[in-house]
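Shown below: my_file_16.tsv, with TSV, C-alpha atoms and all ligand atoms.
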chain	number	residue	atom	x	y	z
Y	1	MET	CA	-6.01	4.46	28.47
Y	2	GLU	CA	-9.28	2.56	28.76
Y	3	LYS	CA	-9.75	-0.44	26.47
Y	4	ASP	CA	-12.76	1.06	24.71
Y	5	ASN	CA	-10.88	4.32	24.17
Y	6	LEU	CA	-7.95	2.57	22.56
Y	7	LEU	CA	-10.25	0.52	20.32
Y	8	LYS	CA	-12.20	3.66	19.36
Y	9	LEU	CA	-8.99	5.50	18.39
Y	10	LEU	CA	-7.85	2.48	16.36
Y	11	TRP	CA	-11.27	2.36	14.66
Y	12	ASP	CA	-11.14	6.09	13.84
Y	13	ASN	CA	-7.66	5.79	12.27
Y	14	TYR	CA	-8.70	2.65	10.42
Y	15	THR	CA	-11.93	3.98	8.95
Y	16	GLN	CA	-10.16	7.12	7.72
Y	17	MET	CA	-8.12	4.85	5.45
Y	18	THR	CA	-10.90	2.32	4.86
Y	19	PRO	CA	-14.11	4.12	3.87
Y	20	SER	CA	-15.67	0.85	2.71
Y	21	ALA	CA	-15.45	-0.57	6.26
Y	22	LYS	CA	-17.20	2.48	7.65
Y	23	HIS	CA	-19.80	2.18	4.90
Y	24	ILE	CA	-20.46	-1.54	5.51
Y	25	HIS	CA	-20.66	-0.95	9.27
Y	26	GLN	CA	-23.18	1.82	8.67
Y	27	ILE	CA	-25.30	-0.32	6.31
Y	28	PHE	CA	-25.42	-3.14	8.88
Y	29	GLU	CA	-26.44	-0.76	11.66
Y	30	GLU	CA	-29.12	0.86	9.50
Y	31	GLN	CA	-30.54	-2.61	8.96
Y	32	GLY	CA	-30.79	-3.04	12.72
Y	33	GLU	CA	-27.91	-5.50	12.80
Y	34	GLN	CA	-25.75	-6.06	15.87
Y	35	VAL	CA	-22.16	-5.47	14.78
Y	36	LEU	CA	-19.78	-7.19	17.19
Y	37	ASN	CA	-16.06	-6.95	16.54
Y	38	ASP	CA	-14.43	-10.38	16.60
Y	39	HIS	CA	-10.83	-9.18	16.31
Y	40	ILE	CA	-8.48	-6.56	15.00
Y	41	ALA	CA	-5.09	-7.18	13.41
Y	42	LEU	CA	-1.83	-5.27	13.60
Y	43	ARG	CA	1.40	-5.75	11.69
Y	44	THR	CA	5.01	-5.00	12.57
Y	45	PHE	CA	8.66	-6.05	12.22
Y	46	ASN	CA	10.52	-8.30	14.68
Y	47	ASP	CA	13.10	-5.59	15.45
Y	48	PRO	CA	13.17	-5.42	19.29
Y	49	ARG	CA	12.21	-1.73	19.14
Y	50	VAL	CA	8.82	-2.47	17.51
Y	51	ASN	CA	8.25	-6.24	17.72
Y	52	ILE	CA	5.06	-8.12	18.72
Y	53	GLU	CA	5.83	-7.63	22.43
Y	54	VAL	CA	6.10	-3.85	21.99
Y	55	ILE	CA	2.84	-3.67	20.03
Y	56	ALA	CA	1.08	-6.02	22.48
Y	57	LYS	CA	2.16	-4.07	25.57
Y	58	PRO	CA	-0.79	-1.65	25.77
Y	59	PHE	CA	-3.19	-4.61	25.44
Y	60	ILE	CA	-1.37	-6.63	28.11
Y	61	GLU	CA	-1.58	-3.61	30.41
Y	62	LEU	CA	-5.34	-3.59	29.87
Y	63	GLY	CA	-5.60	-7.24	30.92
Y	64	TYR	CA	-5.27	-9.09	27.60
Y	65	VAL	CA	-3.46	-12.44	27.70
Y	66	GLU	CA	-1.41	-14.18	25.02
Y	67	LYS	CA	-3.09	-17.29	23.54
Y	68	GLY	CA	-2.19	-18.74	20.13
Y	69	GLU	CA	1.01	-18.62	18.07
Y	70	TYR	CA	1.02	-19.00	14.27
Y	71	GLU	CA	3.82	-19.38	11.74
Y	72	PHE	CA	3.79	-18.37	8.08
Y	73	LYS	CA	6.96	-19.88	6.60
Y	74	GLU	CA	6.56	-18.62	3.04
Y	75	LYS	CA	5.67	-15.07	4.10
Y	76	LYS	CA	8.38	-15.13	6.83
Y	77	LEU	CA	5.89	-14.08	9.49
Y	78	LEU	CA	5.12	-15.02	13.05
Y	79	ALA	CA	1.86	-14.06	14.80
Y	80	HIS	CA	0.35	-14.19	18.26
Y	81	HIS	CA	-3.23	-13.68	19.27
Y	82	TYR	CA	-4.46	-12.18	22.53
Y	83	GLU	CA	-7.76	-12.56	24.37
Y	84	PHE	CA	-9.43	-10.50	27.06
Y	85	PRO	CA	-10.59	-13.00	29.69
Y	86	ASP	CA	-13.03	-10.77	31.57
Y	87	ASP	CA	-15.32	-9.92	28.66
Y	88	GLU	CA	-16.23	-12.41	25.96
Y	89	ASN	CA	-17.39	-9.57	23.70
Y	90	ALA	CA	-13.99	-7.86	23.77
Y	91	PRO	CA	-12.28	-8.21	20.40
Y	92	LYS	CA	-9.29	-10.52	20.16
Y	93	ILE	CA	-6.03	-8.94	18.99
Y	94	PHE	CA	-3.98	-10.62	16.22
Y	95	ILE	CA	-0.43	-9.28	15.90
Y	96	SER	CA	2.04	-10.45	13.27
Y	97	GLU	CA	5.69	-9.54	12.65
Y	98	LEU	CA	8.05	-9.91	9.69
Y	99	LEU	CA	11.09	-12.04	10.61
Y	100	LEU	CA	13.77	-9.68	9.31
Y	101	GLU	CA	16.72	-12.08	9.68
Y	102	LYS	CA	15.03	-14.38	7.14
Y	103	CYS	CA	14.88	-11.53	4.58
Y	104	SER	CA	17.54	-10.15	2.22
Y	105	GLU	CA	20.27	-7.77	3.39
Y	106	GLU	CA	18.76	-5.09	1.19
Y	107	LEU	CA	15.35	-5.39	2.85
Y	108	GLN	CA	16.92	-5.43	6.32
Y	109	GLU	CA	18.85	-2.24	5.53
Y	110	ILE	CA	15.76	-0.37	4.32
Y	111	ILE	CA	13.72	-1.46	7.32
Y	112	SER	CA	16.38	-0.65	9.91
Y	113	GLY	CA	16.66	2.80	8.29
Y	114	VAL	CA	12.92	3.15	8.73
Y	115	ILE	CA	12.91	2.05	12.38
Y	116	ASP	CA	15.87	4.38	13.13
Y	117	GLN	CA	13.58	7.29	12.23
Y	118	ILE	CA	10.99	6.45	14.92
Y	119	PRO	CA	11.32	9.04	17.68
Y	120	ASP	CA	11.96	7.49	21.12
Y	121	HIS	CA	8.81	8.90	22.65
Y	122	ALA	CA	6.66	7.21	19.97
Y	123	SER	CA	7.38	3.77	21.39
Y	124	THR	CA	7.66	4.69	25.05
Y	125	LYS	CA	5.28	7.52	25.93
Y	126	ASP	CA	2.77	7.33	23.10
Y	127	ASN	CA	1.00	4.26	21.81
Y	128	LEU	CA	3.06	3.16	18.83
Y	129	LEU	CA	0.07	1.35	17.38
Y	130	LEU	CA	-1.77	4.66	16.91
Y	131	GLN	CA	1.10	6.44	15.17
Y	132	GLY	CA	0.81	5.28	11.56
Y	133	ARG	CA	3.99	5.85	9.55
Y	134	LEU	CA	6.82	7.63	11.36
Y	135	TRP	CA	9.38	7.74	8.52
Y	136	ASP	CA	9.97	9.10	5.03
Y	137	ILE	CA	9.24	6.86	2.05
Y	138	SER	CA	10.39	6.63	-1.56
Y	139	PHE	CA	8.71	4.77	-4.41
Y	140	HIS	CA	12.09	3.26	-5.28
Y	141	ASP	CA	12.42	1.51	-1.89
Y	142	TYR	CA	8.72	0.63	-1.88
Y	143	GLU	CA	9.18	-1.30	-5.13
Y	144	ILE	CA	12.31	-3.07	-3.85
Y	145	LEU	CA	10.40	-4.19	-0.75
Y	146	ARG	CA	7.33	-5.24	-2.69
Y	147	LYS	CA	9.33	-7.57	-4.96
Y	148	GLU	CA	10.44	-9.48	-1.87
Y	149	SER	CA	7.55	-9.07	0.57
Y	150	GLU	CA	4.10	-7.58	0.10
Y	151	TYR	CA	3.89	-7.40	3.88
Y	152	ALA	CA	7.11	-5.35	4.19
Y	153	SER	CA	6.01	-2.90	1.50
Y	154	TRP	CA	2.58	-2.49	3.15
Y	155	MET	CA	4.19	-1.78	6.55
Y	156	TYR	CA	6.64	0.64	4.90
Y	157	VAL	CA	3.76	2.72	3.54
Y	158	PHE	CA	1.17	2.53	6.33
Y	159	GLY	CA	3.15	1.88	9.51
Y	160	PHE	CA	1.37	1.17	12.78
Y	161	CYS	CA	-2.42	0.89	12.65
Y	162	ALA	CA	-5.19	-1.69	12.76
Y	163	ASN	CA	-5.16	-3.21	9.28
Y	164	HIS	CA	-8.65	-4.67	9.75
Y	165	PHE	CA	-11.56	-4.96	12.11
Y	166	THR	CA	-13.78	-8.05	11.86
Y	167	VAL	CA	-17.54	-8.44	11.95
Y	168	LEU	CA	-18.57	-11.46	14.03
Y	169	VAL	CA	-21.15	-13.10	11.75
Y	170	ASN	CA	-22.60	-15.07	14.70
Y	171	GLY	CA	-23.83	-11.78	16.14
Y	172	LEU	CA	-25.78	-10.73	13.02
Y	173	LYS	CA	-29.53	-11.27	13.16
Y	174	THR	CA	-30.69	-11.33	9.54
Y	175	LEU	CA	-27.60	-12.57	7.68
Y	176	LYS	CA	-27.12	-16.06	9.05
Y	177	SER	CA	-24.22	-17.53	7.10
Y	178	LEU	CA	-20.96	-16.22	5.68
Y	179	GLU	CA	-22.33	-16.98	2.18
Y	180	GLU	CA	-25.26	-14.66	2.90
Y	181	VAL	CA	-22.92	-11.94	4.15
Y	182	ASN	CA	-20.73	-12.29	1.05
Y	183	ASP	CA	-23.73	-12.23	-1.33
Y	184	PHE	CA	-25.12	-9.18	0.45
Y	185	LEU	CA	-21.79	-7.33	0.09
Y	186	LYS	CA	-21.29	-8.33	-3.54
Y	187	ALA	CA	-24.83	-7.18	-4.41
Y	188	LYS	CA	-23.77	-3.78	-3.05
Y	189	ASN	CA	-20.65	-3.89	-5.24
Y	190	PHE	CA	-18.08	-4.41	-2.49
Y	191	LYS	CA	-15.17	-6.53	-3.74
Y	192	LEU	CA	-14.10	-9.65	-1.87
Y	193	ASN	CA	-10.68	-11.26	-1.56
Y	194	ASP	CA	-10.99	-14.52	-3.54
Y	195	ALA	CA	-7.50	-15.91	-2.79
Y	196	GLY	CA	-8.06	-19.57	-1.91
Y	197	GLY	CA	-11.81	-19.04	-2.49
Y	198	GLU	CA	-14.05	-16.35	-1.02
Y	199	ILE	CA	-14.59	-18.38	2.16
Y	200	LYS	CA	-11.49	-19.48	4.03
Y	201	GLY	CA	-11.82	-22.36	6.50
Y	202	THR	CA	-14.67	-24.81	7.17
Y	203	PRO	CA	-17.10	-25.57	10.00
Y	204	SER	CA	-14.95	-28.58	10.88
Y	205	GLN	CA	-12.09	-26.15	11.53
Y	206	PHE	CA	-14.55	-24.16	13.68
Y	207	LEU	CA	-13.85	-20.92	11.78
Y	208	GLU	CA	-14.96	-19.51	8.42
Y	209	GLN	CA	-13.63	-16.15	7.24
Y	210	SER	CA	-13.99	-13.78	4.30
Y	211	SER	CA	-12.79	-10.23	3.67
Y	212	THR	CA	-13.05	-7.29	1.33
Y	213	ILE	CA	-10.00	-6.32	-0.69
Y	214	ALA	CA	-8.21	-3.32	0.82
Y	215	ASP	CA	-9.40	0.14	-0.18
Y	216	GLN	CA	-6.91	1.97	-2.35
Y	217	VAL	CA	-5.77	5.27	-0.91
Y	218	PRO	CA	-3.56	7.98	-2.45
Y	219	VAL	CA	-0.03	7.86	-1.01
Y	220	HIS	CA	2.55	10.62	-1.55
Y	221	PHE	CA	6.01	9.49	-2.60
Y	222	GLY	CA	7.77	12.85	-2.81
Y	223	GLN	CA	5.92	14.69	-5.57
Y	224	ASP	CA	4.28	11.55	-6.94
Y	225	ILE	CA	0.95	10.21	-5.74
Y	226	LYS	CA	0.14	6.50	-6.15
Y	227	ASN	CA	-2.95	4.56	-5.14
Y	228	ILE	CA	-1.95	1.79	-2.72
Y	229	PRO	CA	-4.22	-0.84	-1.05
Y	230	SER	CA	-4.55	0.17	2.60
Y	231	CYS	CA	-6.88	-1.72	4.96
Y	232	TYR	CA	-9.80	-4.12	4.64
Y	233	TYR	CA	-12.84	-5.46	6.52
Y	234	GLU	CA	-13.16	-9.08	7.61
Y	235	PHE	CA	-16.17	-11.29	8.42
Y	236	ALA	CA	-15.79	-14.31	10.68
Y	237	ARG	CA	-18.18	-17.05	11.65
Y	238	ARG	CA	-17.12	-19.17	14.60
Y	239	TYR	CA	-18.44	-22.65	15.46
Y	240	PRO	CA	-18.89	-24.23	18.89
Y	241	LEU	CA	-16.40	-26.77	20.20
Y	242	ALA	CA	-17.55	-29.94	21.99
Y	243	ASP	CA	-17.82	-27.96	25.25
Y	244	GLY	CA	-20.36	-25.64	23.63
Y	245	ASN	CA	-18.06	-22.58	23.61
Y	246	LEU	CA	-17.18	-20.93	20.32
Y	247	TYR	CA	-13.67	-21.65	19.01
Y	248	GLN	CA	-11.56	-18.54	19.73
Y	249	GLY	CA	-8.36	-19.24	17.80
Y	250	PHE	CA	-7.19	-18.61	14.25
Y	251	ILE	CA	-6.33	-20.99	11.39
Y	252	ALA	CA	-2.89	-20.36	9.88
Y	253	ALA	CA	-3.82	-21.66	6.40
Y	254	SER	CA	-6.83	-19.32	6.28
Y	255	ALA	CA	-4.91	-16.37	7.75
Y	256	ASP	CA	-2.30	-16.87	5.05
Y	257	LYS	CA	-5.00	-16.06	2.47
Y	258	ILE	CA	-6.56	-13.25	4.52
Y	259	PHE	CA	-3.17	-11.48	4.47
Y	260	GLU	CA	-3.58	-11.30	0.67
Y	261	SER	CA	-6.38	-8.73	1.08
Y	262	THR	CA	-3.70	-6.01	0.86
Y	263	ASN	CA	-1.77	-7.68	-1.99
Y	264	VAL	CA	-1.35	-5.12	-4.80
Y	265	SER	CA	-1.56	-7.68	-7.64
Y	266	LEU	CA	-4.66	-9.35	-6.18
Y	267	VAL	CA	-6.41	-6.01	-5.62
Y	268	GLU	CA	-5.58	-4.88	-9.18
Y	269	LYS	CA	-6.76	-8.22	-10.63
Y	270	ILE	CA	-10.07	-8.07	-8.80
Y	271	LEU	CA	-10.70	-4.42	-9.63
Y	272	SER	CA	-9.97	-4.94	-13.36
Y	273	LYS	CA	-12.19	-8.06	-13.53
Y	274	ASN	CA	-15.12	-6.12	-12.16
Y	275	GLN	CA	-14.95	-3.14	-14.49
O	1	LIG	C1	-3.73	-10.51	9.26
O	1	LIG	C2	-4.30	-11.66	8.44
O	1	LIG	C3	-4.79	-12.83	9.28
O	1	LIG	C4	-7.01	-13.66	10.32
O	1	LIG	O1	-8.08	-13.34	10.85
O	1	LIG	O2	-6.72	-14.82	10.03
O	1	LIG	C5	-6.06	-12.57	10.00
O	1	LIG	C6	-3.24	-9.34	8.48
O	1	LIG	O3	-3.65	-9.12	7.32
O	1	LIG	O4	-2.41	-8.60	9.02
O	1	LIG	O5	-6.40	-11.49	10.35
O	2	NI	NI	-8.38	-11.27	10.76
What's the structure tokens form of this structure?
Amino acid sequence: MEKDNLLKLLWDNYTQMTPSAKHIHQIFEEQGEQVLNDHIALRTFNDPRVNIEVIAKPFIELGYVEKGEYEFKEKKLLAHHYEFPDDENAPKIFISELLLEKCSEELQEIISGVIDQIPDHASTKDNLLLQGRLWDISFHDYEILRKESEYASWMYVFGFCANHFTVLVNGLKTLKSLEEVNDFLKAKNFKLNDAGGEIKGTPSQFLEQSSTIADQVPVHFGQDIKNIPSCYYEFARRYPLADGNLYQGFIAASADKIFESTNVSLVEKILSKNQ
């Protein structure tokens, strides 16, 4: 598959679950803005059948190379980011995985039951990262997972997909700073993730980021339907290093707060505050 094809399919899946991202993208384009995608992010588990290497494979085959590694001790996550050397406008890929051996037996049992249900062809022939959820879910297990790990419960419900795309603020023509982007979005009633402040990171770290809170989508648990935060949109402003090139990495402390964009309690808090 061509790189642009894969990214287009990921975008189509993502915007189906994230109408606000599609809406914001459309507003920017209507204003004549240039919307460049800085990066996309994918989540998974470190089970060898679906781990970072498995998810990264289609990107590696397209010519992406592994760059940074990031650790999130509290969340029990590891992440790698990948860059495409031949095209500086190609989005970076950020892939994280939950370190299952650091989690409870109960969580490990639920997740191995989930991974057992993935048909073989989904990870070999087809692109796993386009498959969404490939297992049955129950609200009972969802709640058990959520008590221990928001990340695990999110993966349990949504499976394999891009959980966000990212507008490169540097590419915008009229909105110059991340503050301006945030003010613009808030004036249009989009809700931002305020964990650790609306803007994560500083110019001296060469990266500032903000994000919407995830859109809630109806999820079927048997007969029951619950609204669960799905995916979100991110905005990143990068600063030049001494050599004049924009910093291309990520900042673990900021990423830690960006992950919260799908946190059920945070999303509920922000939605209730704004009503
Ligand atoms: C990834 C969060 C981290 C960033 O840009 O720092 C991130 C996620 O929510 O899966 O995307
Ligand atoms: Ni991101």
>> Taking all atoms listed in the file and a cut-off of 8 Å, can you tell me which residues surround ligand LIG 1 (chain O), written as a PyMOL selection string?
In response: chain Y and resi 39-43+94-96+163-164+166+209+234+236+250-252+254-262
Could you write those residues out with C-alpha atoms, as a PDB file, in the frame of the given file?
ATOM      1  CA  HIS Y  39     -10.830  -9.180  16.310  1.00  0.00           C
ATOM      2  CA  ILE Y  40      -8.480  -6.560  15.000  1.00  0.00           C
ATOM      3  CA  ALA Y  41      -5.090  -7.180  13.410  1.00  0.00           C
ATOM      4  CA  LEU Y  42      -1.830  -5.270  13.600  1.00  0.00           C
ATOM      5  CA  ARG Y  43       1.400  -5.750  11.690  1.00  0.00           C
ATOM      6  CA  PHE Y  94      -3.980 -10.620  16.220  1.00  0.00           C
ATOM      7  CA  ILE Y  95      -0.430  -9.280  15.900  1.00  0.00           C
ATOM      8  CA  SER Y  96       2.040 -10.450  13.270  1.00  0.00           C
ATOM      9  CA  ASN Y 163      -5.160  -3.210   9.280  1.00  0.00           C
ATOM     10  CA  HIS Y 164      -8.650  -4.670   9.750  1.00  0.00           C
ATOM     11  CA  THR Y 166     -13.780  -8.050  11.860  1.00  0.00           C
ATOM     12  CA  GLN Y 209     -13.630 -16.150   7.240  1.00  0.00           C
ATOM     13  CA  GLU Y 234     -13.160  -9.080   7.610  1.00  0.00           C
ATOM     14  CA  ALA Y 236     -15.790 -14.310  10.680  1.00  0.00           C
ATOM     15  CA  PHE Y 250      -7.190 -18.610  14.250  1.00  0.00           C
ATOM     16  CA  ILE Y 251      -6.330 -20.990  11.390  1.00  0.00           C
ATOM     17  CA  ALA Y 252      -2.890 -20.360   9.880  1.00  0.00           C
ATOM     18  CA  SER Y 254      -6.830 -19.320   6.280  1.00  0.00           C
ATOM     19  CA  ALA Y 255      -4.910 -16.370   7.750  1.00  0.00           C
ATOM     20  CA  ASP Y 256      -2.300 -16.870   5.050  1.00  0.00           C
ATOM     21  CA  LYS Y 257      -5.000 -16.060   2.470  1.00  0.00           C
ATOM     22  CA  ILE Y 258      -6.560 -13.250   4.520  1.00  0.00           C
ATOM     23  CA  PHE Y 259      -3.170 -11.480   4.470  1.00  0.00           C
ATOM     24  CA  GLU Y 260      -3.580 -11.300   0.670  1.00  0.00           C
ATOM     25  CA  SER Y 261      -6.380  -8.730   1.080  1.00  0.00           C
ATOM     26  CA  THR Y 262      -3.700  -6.010   0.860  1.00  0.00           C
TER      27      THR Y 262
END
>> Ranking Y:Tyr247, Y:Phe206, Y:Tyr239, Y:Phe160 by minimum distance to Asn51 of chain Y and counting only C-alpha atoms, which one comes first?
In response: Y:Phe160
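Closest approach to Pro240 of chain Y among Y:Leu99, Y:Glu150, Y:Asn170, Y:Ser138 is made by Y:Asn170 (distances from all atoms listed in the file).
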>> Which residue is closest to Ala242 of chain Y? Choose from Y:Asp215, Y:Ser104, Y:Val65, Y:Ser204 and count all atoms listed in the file.
In response: Y:Ser204
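Residue nearest ligand NI 2 (chain O) within the list Y:Gln117, Y:Ser265, Y:Thr15, Y:Ser210: Y:Ser210 [criterion: smallest interatomic distance, all atoms listed in the file].
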> Skipping near chain neighbours, those fewer than 2 positions away, what residues fall within 12 Å of Ala56 of chain Y using all atoms listed in the file, listed as an MDAnalysis selection string?
Replying inline: chainID Y and resid 41:44 50:54 58:66 79:83 92:97 123 127:129
> Can you tell me how far atom CA of Phe221 of chain Y sits from atom CA of Asp141 of chain Y, in Å to one decimal?
Replying inline: 10.3 Å
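Distance check against ligand NI 2 (chain O) using only C-alpha atoms and all ligand atoms: of Y:Thr212, Y:Gln205, Y:Thr18, Y:Asn227, the minimum falls on Y:Thr212.
Around the coordinate (-16.2, -4.2, -1.5), residues that reach within 9 Å when counting all atoms listed in the file are Ser20, Ala21, Ile24, Leu185, Lys186, Lys188, Asn189, Phe190, Lys191, Leu192, Asn193, Ser211, Thr212, Ile213, Ala214, Asp215, Tyr232 and Tyr233 of chain Y.
When atom CA of Ile270 of chain Y is paired with atom CA of Glu148 of chain Y, their separation reads 21.7 Å.
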Please put the answer as JSON: centre and edge lengths, in Å with one decimal, of a box along x, y and z that encloses all listed atoms of segment 84-91 of chain Y plus 8 Å on each side.
{"center_x": -13.4, "center_y": -10.4, "center_z": 26.0, "size_x": 24.0, "size_y": 21.1, "size_z": 27.2}
